Amino acid sequence: MASSRREFIKASAVGVAAAATGLPLASLADGKEARQGRPLNILILGGTGFIGPHMVREALRRGHSVTLFNRGRSNNTLFPDLETIKGDRDNGLDGLKDRKWDAVIDNSGYVPRHVEDSARLLAPNVSRYVFISTVSVYADFSTPNHEDSPLATLVDETVEEVTGETYGALKALCEQRAAGEIDADKLAVLRPTYICGPGDHTDRFSYWPVRTRKGGEMLWPGSPDDNVQIIDVRDLANFTVDCVDREIRGTYNMVNANAYSMGELLEDCRAVTAASVDPVWIDADFLASKGLAGGRDFPIWHGADGFAKFSADRAVRAGMHNRPERETARDLLTWWDTLPAERTASTRAGLSPDKEAEVLAAWKALGN
Ligand SMILES: NC(=O)c1ccc[n+]([C@@H]2O[C@H](COP(=O)([O-])OP(=O)(O)OC[C@H]3O[C@@H](n4cnc5c(N)ncnc54)[C@H](OP(=O)(O)O)[C@@H]3O)[C@@H](O)[C@H]2O)c1
């Protein structure tokens with residue numbers, strides 16, 4: 001099941017280098033009421049990629065102060081009013097020395113040494129630490145995973161190159177290094193699955209509503225009953241700031257708690273686009289015979305495997321809320337329509353129109 005992890009990170013890695021633009025401001029109606037407690041000083045390691053800006057805005061909305069730490073390469077004009085400490089997680093942490101914060105949100109940790117260095121430096125000077133990990137940390141995706149399932153490991157733990165093969169195990173090591181430096185009563189580790197919503201530069205979820213909107217005959221992989229699991233970036237941001245506000249500690253899968261299927265995704269895409277689409281469901285074996293795979297060619301779809309069945313129970317008990325996927329699809333399209341035409345000319349994930357037509361023709365040639 002390494003392929004699940006490989007396809008998941010491949011698109012994430014594309015996103016690491018890409019810019020997120022045009023994020024809508026969080027509104028009061030979008031989350032809960034602004035918090036009543038003491039305003040906190042929060043340091044966000046990252047903060048200007050995809051998920052970071054949603055966390056920044058949610059923290060500000062609740063009345064907290066935010067400091068950013070990054071290299072200044074990505075979207076560096078996004079938050080002109082916030083203090084930004086320029087530095088590199090790779091041996092460039094000087095700007096963090098001798099500073100105190102109430103909490104740290106670490107969403108740019110991919111390399112264990114980087115996570116260990118920053119956690120060690122910050123541990124004496126912070127009282128809460130949230131590390132953003134991933135569901136790719138698990139060892140086996142053939143079955144559903146809960147937070148105590150076995151984790152992926154590296155044969156050589158000195159490896160630092162982040163690839164489709166190493167991403168999950170590196171993130172598992174990052175979790176362990178954070179836990180080695182931060183007391184358990186201060187640490188929360190969040191493991192999101194596909195993070196979707198406005199600002200998602202990977203186009204993995206976007207492919208489906210964007211393609212549906214074009215209408216006509218449309219290839220859908222596998223079965224309408226196949227499970228699919230995402231988390232809306234705003235729900236992740238809410239729970240992340242909850243971890244800070246409510247001192248939530250421990251490890252949590254960050255996945256939608258409601259059961260959701262490819263068939264329901266189709267219905268949601270139809271509902272938010274009002275498009276007339278004629279779905280053609282093609283079975284997984286035929287697609288595999290054409291060299292097509294879930295996760296890569298059909299983003300977020302993993303057939304019947306456990307990548308769409310992570311347990312959300314622990315997070316739900318801790319207060320995580322999920323909005324309906326239809327809302328994610330609707331808001332994604334609204335954001336998509338604000339992007340420049342050259343950006344939206346094609347999606348960064350999913351089948352090209354030519355490939356889709358070719359596979360549909362081959363399927364129909366068999367009398368289907
Ligand atoms: N996208 C998904 O579906 C998904 C799913 C599961 C988990 N995750 C996790 O979510 C996090 C990624 O979130 P994202 O998409 O918002 O991140 P991102 O797009 O990779 O953004 C990274 C942020 O970190 C900063 N940064 C990157 N490298 C740095 C370095 N060496 N030193 C200092 N700052 C650095 C970037 O700013 P500069 O470039 O200016 O330095 C930027 O602010 C990762 O922890 C990933 O494992 C993502």
# chains A, B, ... in the order shown; residues from 1 in each chain; ligands from 1
call {"tool": "residues_near_ligand", "arguments": {"ligand": "ligand 1", "cutoff": "7 Å", "atoms": "only C-alpha atoms and all ligand atoms", "output": "ChimeraX atom specification"}}
result
/A:12,15-18,45-52,69-76,87-90,107-110,132-135,191-196
call {"tool": "write_last_selection", "arguments": {"atoms": "C-alpha atoms", "output": "tab-separated table (two decimals), in the first residue's frame"}}
result
chain	number	residue	atom	x	y	z
A	12	SER	CA	1.48	17.47	-1.59
A	15	GLY	CA	1.93	22.05	-3.45
A	16	VAL	CA	4.92	22.76	-1.23
A	17	ALA	CA	6.47	24.76	-4.03
A	18	ALA	CA	3.26	26.32	-5.25
A	45	LEU	CA	6.24	27.68	11.79
A	46	GLY	CA	5.19	28.20	8.18
A	47	GLY	CA	1.89	30.05	7.94
A	48	THR	CA	2.00	31.24	4.35
A	49	GLY	CA	1.44	27.98	2.43
A	50	PHE	CA	-2.01	26.41	2.06
A	51	ILE	CA	-3.11	25.39	5.54
A	52	GLY	CA	-1.12	28.01	7.45
A	69	PHE	CA	8.47	31.99	10.97
A	70	ASN	CA	9.48	31.16	7.39
A	71	ARG	CA	12.07	31.83	4.71
A	72	GLY	CA	10.03	34.54	3.01
A	73	ARG	CA	9.71	32.60	-0.25
A	74	SER	CA	6.01	31.76	-0.25
A	75	ASN	CA	3.26	34.38	-0.34
A	76	ASN	CA	5.34	36.76	1.72
A	87	GLY	CA	14.72	31.96	8.99
A	88	ASP	CA	15.21	28.44	7.71
A	89	ARG	CA	14.30	25.32	9.65
A	90	ASP	CA	17.52	23.87	8.31
A	107	ASN	CA	3.01	22.97	10.02
A	108	SER	CA	6.25	22.93	8.05
A	109	GLY	CA	8.04	19.96	9.65
A	110	TYR	CA	8.99	17.26	7.15
A	132	ILE	CA	0.87	18.91	11.98
A	133	SER	CA	1.62	15.39	10.81
A	134	THR	CA	-0.28	13.23	8.31
A	135	VAL	CA	-2.25	9.98	8.03
A	191	ARG	CA	-2.71	13.67	11.37
A	192	PRO	CA	-4.78	15.06	8.48
A	193	THR	CA	-5.81	13.15	5.39
A	194	TYR	CA	-6.31	15.05	2.11
A	195	ILE	CA	-6.74	18.65	3.18
A	196	CYS	CA	-9.24	20.34	0.87
call {"tool": "residues_around", "arguments": {"residues": "Ala361 of chain A", "least_positions_apart": "5", "cutoff": "12 Å", "atoms": "only C-alpha atoms", "output": "list of chain:residue names"}}
result
A:Glu217, A:Met218, A:Leu219, A:Val280, A:Ile282, A:Asp354, A:Lys355, A:Glu356, A:Leu366, A:Gly367, A:Asn368
call {"tool": "select_by_dssp", "arguments": {"residues": "segment 139-288 of chain A", "states": "strand (DSSP E)", "output": "list in words"}}
result
Leu187, Ala188, Val189, Leu190, Arg191, Pro192, Ile195, Cys196, Gly216, Glu217, Met218, Leu219, Trp220, Pro221, Ile231, Asp232, Gly250, Thr251, Tyr252, Asn253, Met254, Val277, Asp278, Pro279, Val280, Trp281 and Ile282 of chain A
call {"tool": "closest_residue", "arguments": {"among": "A:Ile300, A:Ala293, A:Leu190, A:Leu266", "to": "Glu175 of chain A", "atoms": "only C-alpha atoms"}}
result
A:Leu190
call {"tool": "closest_atom_pairs", "arguments": {"of": "segment 192-263 of chain A", "to": "segment 295-298 of chain A", "cutoff": "9 Å", "atoms": "only C-alpha atoms", "output": "CSV"}}
result
residue,atom,partner,partner_atom,distance
A:Arg204,CA,A:Phe298,CA,8.3
A:Tyr207,CA,A:Phe298,CA,8.7
A:Trp208,CA,A:Phe298,CA,9.0
A:Trp220,CA,A:Phe298,CA,8.3
A:Pro221,CA,A:Phe298,CA,7.1
call {"tool": "closest_residue", "arguments": {"among": "A:Thr334, A:Ser127, A:Thr153, A:Asn41", "to": "Gln176 of chain A", "atoms": "only C-alpha atoms"}}
result
A:Thr153
call {"tool": "closest_residue", "arguments": {"among": "A:Gln229, A:Gly250, A:Gly215, A:Ser223", "to": "Ala184 of chain A", "atoms": "only C-alpha atoms"}}
result
A:Gly250
call {"tool": "residues_around", "arguments": {"residues": "Arg314 of chain A", "least_positions_apart": "4", "cutoff": "9 Å", "atoms": "only C-alpha atoms", "output": "list in words"}}
result
His146, Glu147, Thr251, Tyr252, Asn253, Ala318, Gly319 and Met320 of chain A
call {"tool": "write_last_selection", "arguments": {"atoms": "N, CA and C atoms", "output": "compact mmCIF listing (two decimals), in the first residue's frame"}}
result
# COMPACT_ATOMS: atom_id res chain seq x y z
N HIS A 146 -6.43 3.46 13.26
CA HIS A 146 -6.71 4.42 14.34
C HIS A 146 -5.35 4.92 14.85
N GLU A 147 -5.39 5.81 15.80
CA GLU A 147 -4.16 6.52 16.19
C GLU A 147 -3.08 5.59 16.76
N THR A 251 -2.69 12.53 20.24
CA THR A 251 -2.58 12.36 18.79
C THR A 251 -3.97 12.11 18.19
N TYR A 252 -4.24 12.79 17.08
CA TYR A 252 -5.59 12.72 16.49
C TYR A 252 -5.52 12.59 14.98
N ASN A 253 -6.22 11.62 14.42
CA ASN A 253 -6.47 11.64 12.98
C ASN A 253 -7.38 12.81 12.68
N ALA A 318 -12.92 14.75 21.09
CA ALA A 318 -12.20 15.95 21.56
C ALA A 318 -12.83 17.24 21.02
N GLY A 319 -13.89 17.10 20.21
CA GLY A 319 -14.61 18.30 19.79
C GLY A 319 -14.42 18.71 18.34
N MET A 320 -13.79 17.86 17.51
CA MET A 320 -13.64 18.22 16.10
C MET A 320 -15.00 18.22 15.40
call {"tool": "closest_residue", "arguments": {"among": "A:Val210, A:Ala365, A:Leu122, A:Ala188", "to": "Ala315 of chain A", "atoms": "only C-alpha atoms"}}
result
A:Ala188
call {"tool": "residues_around", "arguments": {"residues": "Tyr138 of chain A", "least_positions_apart": "4", "cutoff": "7 Å", "atoms": "only C-alpha atoms", "output": "JSON, numbers by chain"}}
result
{"A": [149, 150, 151, 152]}
call {"tool": "write_last_selection", "arguments": {"atoms": "N, CA and C atoms", "output": "compact mmCIF listing (two decimals), in the first residue's frame"}}
result
# COMPACT_ATOMS: atom_id res chain seq x y z
N SER A 149 -2.42 2.52 15.62
CA SER A 149 -1.99 1.53 14.63
C SER A 149 -0.48 1.66 14.40
N PRO A 150 0.17 0.58 13.95
CA PRO A 150 1.62 0.65 13.71
C PRO A 150 1.99 1.72 12.69
N LEU A 151 3.16 2.31 12.89
CA LEU A 151 3.62 3.40 12.03
C LEU A 151 4.70 2.92 11.06
N ALA A 152 4.82 3.63 9.95
CA ALA A 152 5.86 3.34 8.96
C ALA A 152 7.23 3.64 9.57
call {"tool": "residues_around", "arguments": {"residues": "segment 301-311 of chain A", "least_positions_apart": "6", "cutoff": "7 Å", "atoms": "only C-alpha atoms", "output": "PDB file with C-alpha atoms, in the first residue's frame"}}
result
ATOM      1  CA  PHE A 141      -3.275   1.067   4.398  1.00  0.00           C
ATOM      2  CA  SER A 142      -4.971  -2.193   3.548  1.00  0.00           C
ATOM      3  CA  THR A 143      -7.129  -1.815   6.654  1.00  0.00           C
ATOM      4  CA  PRO A 144      -8.570   1.172   8.552  1.00  0.00           C
ATOM      5  CA  ASN A 145      -6.129   2.866  10.936  1.00  0.00           C
ATOM      6  CA  HIS A 146      -6.710   4.421  14.336  1.00  0.00           C
ATOM      7  CA  GLY A 222     -14.512   2.139  -9.318  1.00  0.00           C
ATOM      8  CA  ASP A 226     -16.214   3.329  -2.664  1.00  0.00           C
ATOM      9  CA  ASN A 227     -15.399   5.336   0.436  1.00  0.00           C
ATOM     10  CA  VAL A 228     -13.532   8.600   0.150  1.00  0.00           C
ATOM     11  CA  GLN A 229     -12.263  10.734   3.018  1.00  0.00           C
ATOM     12  CA  ASN A 253      -6.466  11.638  12.980  1.00  0.00           C
ATOM     13  CA  VAL A 255     -10.464  13.129   8.814  1.00  0.00           C
ATOM     14  CA  GLY A 294      -6.288   5.873  -7.593  1.00  0.00           C
ATOM     15  CA  GLY A 295      -4.669   8.767  -5.788  1.00  0.00           C
TER      16      GLY A 295
END
call {"tool": "atom_distance", "arguments": {"atom1": "atom CA of Tyr167 of chain A", "atom2": "atom CA of Asp203 of chain A"}}
result
19.6 Å
call {"tool": "closest_residue", "arguments": {"among": "A:Arg234, A:Lys364, A:Arg62, A:Lys86", "to": "Asn256 of chain A", "atoms": "only C-alpha atoms"}}
result
A:Arg234
call {"tool": "closest_residue", "arguments": {"among": "A:Pro53, A:Lys290, A:Glu267, A:Val111", "to": "Thr163 of chain A", "atoms": "only C-alpha atoms"}}
result
A:Val111
